[in-house]
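Here the structure comes first, spelled out in structure tokens, and everything after it is commentary.
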Amino acid sequence: MKKVILLVFCLVLFWGVVTTLSAQNCDLLYFCVRYDSDLGEVDQSDRFTTGNITVMVLLEKPIGLYEITIELDKLNPRKNTFEYYKDYEFDVGYDMDYIFFNDVNFADPGIYRVFLLDPKGNTIVSSLVEIVK
């Protein structure tokens with residue numbers, strides 16, 4: 001009887017954990033070589049060679065904005081701090097929750113912190129990417 005009660009308890013506990021976990025429990029910013037309307041994200045990674053890549057954003061709810069900024073901050077290894085590098089402004093649809101931003105250029109190798117910012121400069125979501133030669 002104790003084994004049955006213990007088994008039921010473990011199953012209930014396991015079920016509670018499984019139902020609260022999901023692949024996306026928050027907003028995500030990630031990267032790929034390009035976005036294709038038929039294939040989706042092509043060559044998704046967090047490490048790329050210098051040049052243009054695509055920044056992908058997956059939000060829990062619609063963005064609620066018409067304009068955003070993608071800001072790149074590059075790691076200065078001597079100071080061990082991130083420093084402003086470049087930004088890109090984009091127009092978006094108010095009800096979008098899955099967005100791609102093509103041709104974001106990373107000309108120099110390094111580690112970058114990439115931000116999706118609202119028009120007031122507040123961070124919506126961010127992530128890190130490594131760029132190599």
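Just remember, in the structure tokens the first chain shown is A, the second B, etc., residues are 1-based per chain, and ligands are 1-based in the order shown.
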Problem set entry | Spatial neighbours of Glu60 (chain A), max dist 7 Å, only C-alpha atoms, sep filter under 3 positions, as a PyMOL selection string | chain A and resi 26-27+97
Exercise. Contacts of Asp87 (chain A) at 6 Å or less, counting only C-alpha atoms, minus same-chain residues fewer than 5 places along, as a list of chain:residue names?
Worked result: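 With the cut-off at 6 Å, the set is A:Ile70, A:Glu71, A:Leu72.
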For this session: Going by DSSP on the backbone, which bits of region 85-128 of chain A are strand (DSSP E or B)? Write them as a VMD selection string, please.
Result: chain A and resid 85 to 91 98 to 106 110 to 117 123 to 128
Could those selected residues go to a file with C-alpha atoms, as a tab-separated table (two decimals), in the first residue's frame?
chain	number	residue	atom	x	y	z
A	85	TYR	CA	28.83	48.98	-31.11
A	86	LYS	CA	25.93	49.71	-33.48
A	87	ASP	CA	22.16	49.82	-33.75
A	88	TYR	CA	19.51	49.18	-36.39
A	89	GLU	CA	15.97	50.58	-36.48
A	90	PHE	CA	13.12	48.47	-37.84
A	91	ASP	CA	9.39	48.87	-38.38
A	98	TYR	CA	7.37	36.09	-34.22
A	99	ILE	CA	9.71	38.51	-35.99
A	100	PHE	CA	12.88	38.26	-38.04
A	101	PHE	CA	15.37	41.03	-38.76
A	102	ASN	CA	17.55	40.35	-41.81
A	103	ASP	CA	20.98	41.71	-42.60
A	104	VAL	CA	22.19	42.68	-39.15
A	105	ASN	CA	25.90	43.17	-39.81
A	106	PHE	CA	28.62	41.94	-37.49
A	110	GLY	CA	33.95	39.16	-30.88
A	111	ILE	CA	31.19	38.45	-28.39
A	112	TYR	CA	28.11	40.63	-28.71
A	113	ARG	CA	25.15	41.29	-26.48
A	114	VAL	CA	22.16	41.92	-28.74
A	115	PHE	CA	19.12	43.83	-27.47
A	116	LEU	CA	15.63	44.31	-28.81
A	117	LEU	CA	14.66	47.78	-27.54
A	123	THR	CA	14.98	46.17	-23.21
A	124	ILE	CA	12.31	43.78	-24.45
A	125	VAL	CA	14.65	40.79	-24.80
A	126	SER	CA	18.38	40.17	-25.27
A	127	SER	CA	20.89	37.44	-26.03
A	128	LEU	CA	24.57	36.76	-26.69
For this session: Please report, as a ChimeraX atom specification, each residue of chain A to which DSSP assigns helix (DSSP H, G or I) when run on this structure's backbone.
Result: /A:2-20
Exercise. In Å, with one decimal, what is the gap from CA of Pro109 (chain A) to CA of Leu28 (chain A)?
Worked result: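 A separation of 23.2 Å between them.
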Problem set entry | Ile53 (chain A) surroundings by only C-alpha atoms, 12 Å radius, close-in-sequence under 3 positions cut, as a VMD selection string | chain A and resid 30 to 35 41 to 50 56 100 to 107 129 to 131
Problem set entry | Counting only C-alpha atoms, the residue of A:Asp36, A:Glu67, A:Glu83, A:Asp73 that sits nearest Asp118 (chain A) |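 The closest residue to Asp118 (chain A) is A:Glu67.
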For this session: For CA of Asn25 (chain A) and CA of Pro62 (chain A), determine how far apart the two atoms are, in Å to one decimal place.
Result: 14.7 Å
Exercise. Of the residues A:Gly51, A:Lys61, A:Met96, A:Asp108, which is the one nearest to Leu75 (chain A), using only C-alpha atoms?
Worked result: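 Using only C-alpha atoms, the shortest distance to Leu75 (chain A) belongs to A:Asp108.
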Exercise. Just how far from CA of Leu39 (chain A) is CA of Lys133 (chain A), in Å to one decimal?
Worked result: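 So the answer is 26.7 Å.
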